[in-house]
Every structure is written in structure tokens, then in C-alpha cells.
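What follows is a single structure, written as C-alpha cells, with notes after it.
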Amino acid sequence: MNKAILIGRLTRDPEVRYTQSGVAVCTFTLAVDRRFARRDANDGQPTADFIPIVAWRKLAEICGNNLIKGRRISVEGRIQVRSYEAQDGSKRYVTEIVADEIEFLDSRSSVQHEGGFGAGAGAGAPAPQPQPQSKPADAGSFGPSIPDEEIPF
């Protein structure tokens, strides 16, 4: 059985691209804290693993429209190892998680107001205010748009 479940924060805004046949693919990196850290190796500071995540099709579009740097999410999927030939002719291997399900664990507005996690929030700089998001033409298929402040979780 190949199943991975991760909880972490996005290290940067997701990148959405489309294949030649028009299929959406979204990539981002998730910082996942290690539960147990060796104290002698890093002076007791928490450590994290930075895990590449790939989402396809409608899930890719949802991620691209709703995720931002610093957002805390849960990812459920499978581990995939693939290889390719680099421009210099060497063989490269990539290990990543192909997401089947993604759950948002905090609201977008709470991430933008936390120091250091919001997009563009630097040390000492005020966090940017939430900006209205333009919705894709097919956004109505998910039902009415509900502001993050009105969601009960």
C-alpha cells in the first residue's frame, strides 16, 4: 500500500501550469515539522522536511486559487518516484507526493495576518490585507462563494 498523510505549511505560493492537452497541474512544497528531533544535532531547534507536492486537474485549480505561502494544510496522497534525463545527460530522480485530497486547516485571512507567513510579509513589515480574489468562470460549480470569516472552522 502506498499512502502518505502530511500536515504542514506551504513554503511558497503554488504554481499552476497546464499540459499540452489542457490538464491543470499544481506544484508546491510543504514544510512538515519532524515530531522527534535529535537535540545534539541541531541544539534542540525544531527541524522540518520540505516535501514536493503535485496536484492534478480540478484539485490543482482549487489549490492555485486558494493556497498561499504559509497556509497550513493536510495532504493525503501517494509517494511517487520518477526519473528524467537532465540537459547534461545525467539521470535525475525526483520523489514527490501526488495529492488525492487536500484539506485547508486554517483560513486564508489568518495566514495573511501572521507575521512572516503571509505573502510579502517581511520582518517588521505590516501584513498585507486580504484582496478580493477573481473567480474562474466555472467557480459556480462549487456553490455560492462564502467569505473565510463565515466558515465555522
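Lettering and numbering for the C-alpha cells are positional, with chains as A, B, ... in the shown order, residues counted from 1 in each chain, and ligands counted from 1 in the shown order.
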
Legend entry - Near-A:Ile62 list (10 Å; only C-alpha atoms; drop same-chain fewer than 5 positions) as a ChimeraX atom specification: /A:16,26,55-57,67,102,139

Residues from the last selection, C-alpha atoms, saved as an mmCIF file, in the first residue's frame:
```
data_model
loop_
_atom_site.group_PDB
_atom_site.id
_atom_site.type_symbol
_atom_site.label_atom_id
_atom_site.label_comp_id
_atom_site.auth_asym_id
_atom_site.auth_seq_id
_atom_site.Cartn_x
_atom_site.Cartn_y
_atom_site.Cartn_z
ATOM 1 C CA VAL A 16 -0.260 26.122 -11.650
ATOM 2 C CA CYS A 26 -0.179 22.438 -9.456
ATOM 3 C CA ALA A 55 -1.928 18.004 -7.608
ATOM 4 C CA TRP A 56 -3.724 17.364 -10.880
ATOM 5 C CA ARG A 57 -6.907 18.504 -12.654
ATOM 6 C CA LEU A 67 -3.485 28.402 -1.300
ATOM 7 C CA ILE A 102 -6.087 18.391 0.358
ATOM 8 C CA ALA A 139 -16.302 28.628 -9.963
#
```

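Atom to atom, atom CA of A:Ile97 and atom CA of A:Arg78 stand 5.5 Å apart.
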
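Between atom CA of A:Ile7 and atom CA of A:Gly64 the separation is 18.1 Å.
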
Legend entry - Straight-line distance linking atom CA of A:Leu6 with atom CA of A:Thr19, stated in Å to one decimal: 26.4 Å

Legend entry - Residue nearest A:Val54 among A:Glu76, A:Met1, A:Lys69, A:Arg34 (counting only C-alpha atoms):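 Checking each candidate against A:Val54, we get A:Glu76 as the closest.
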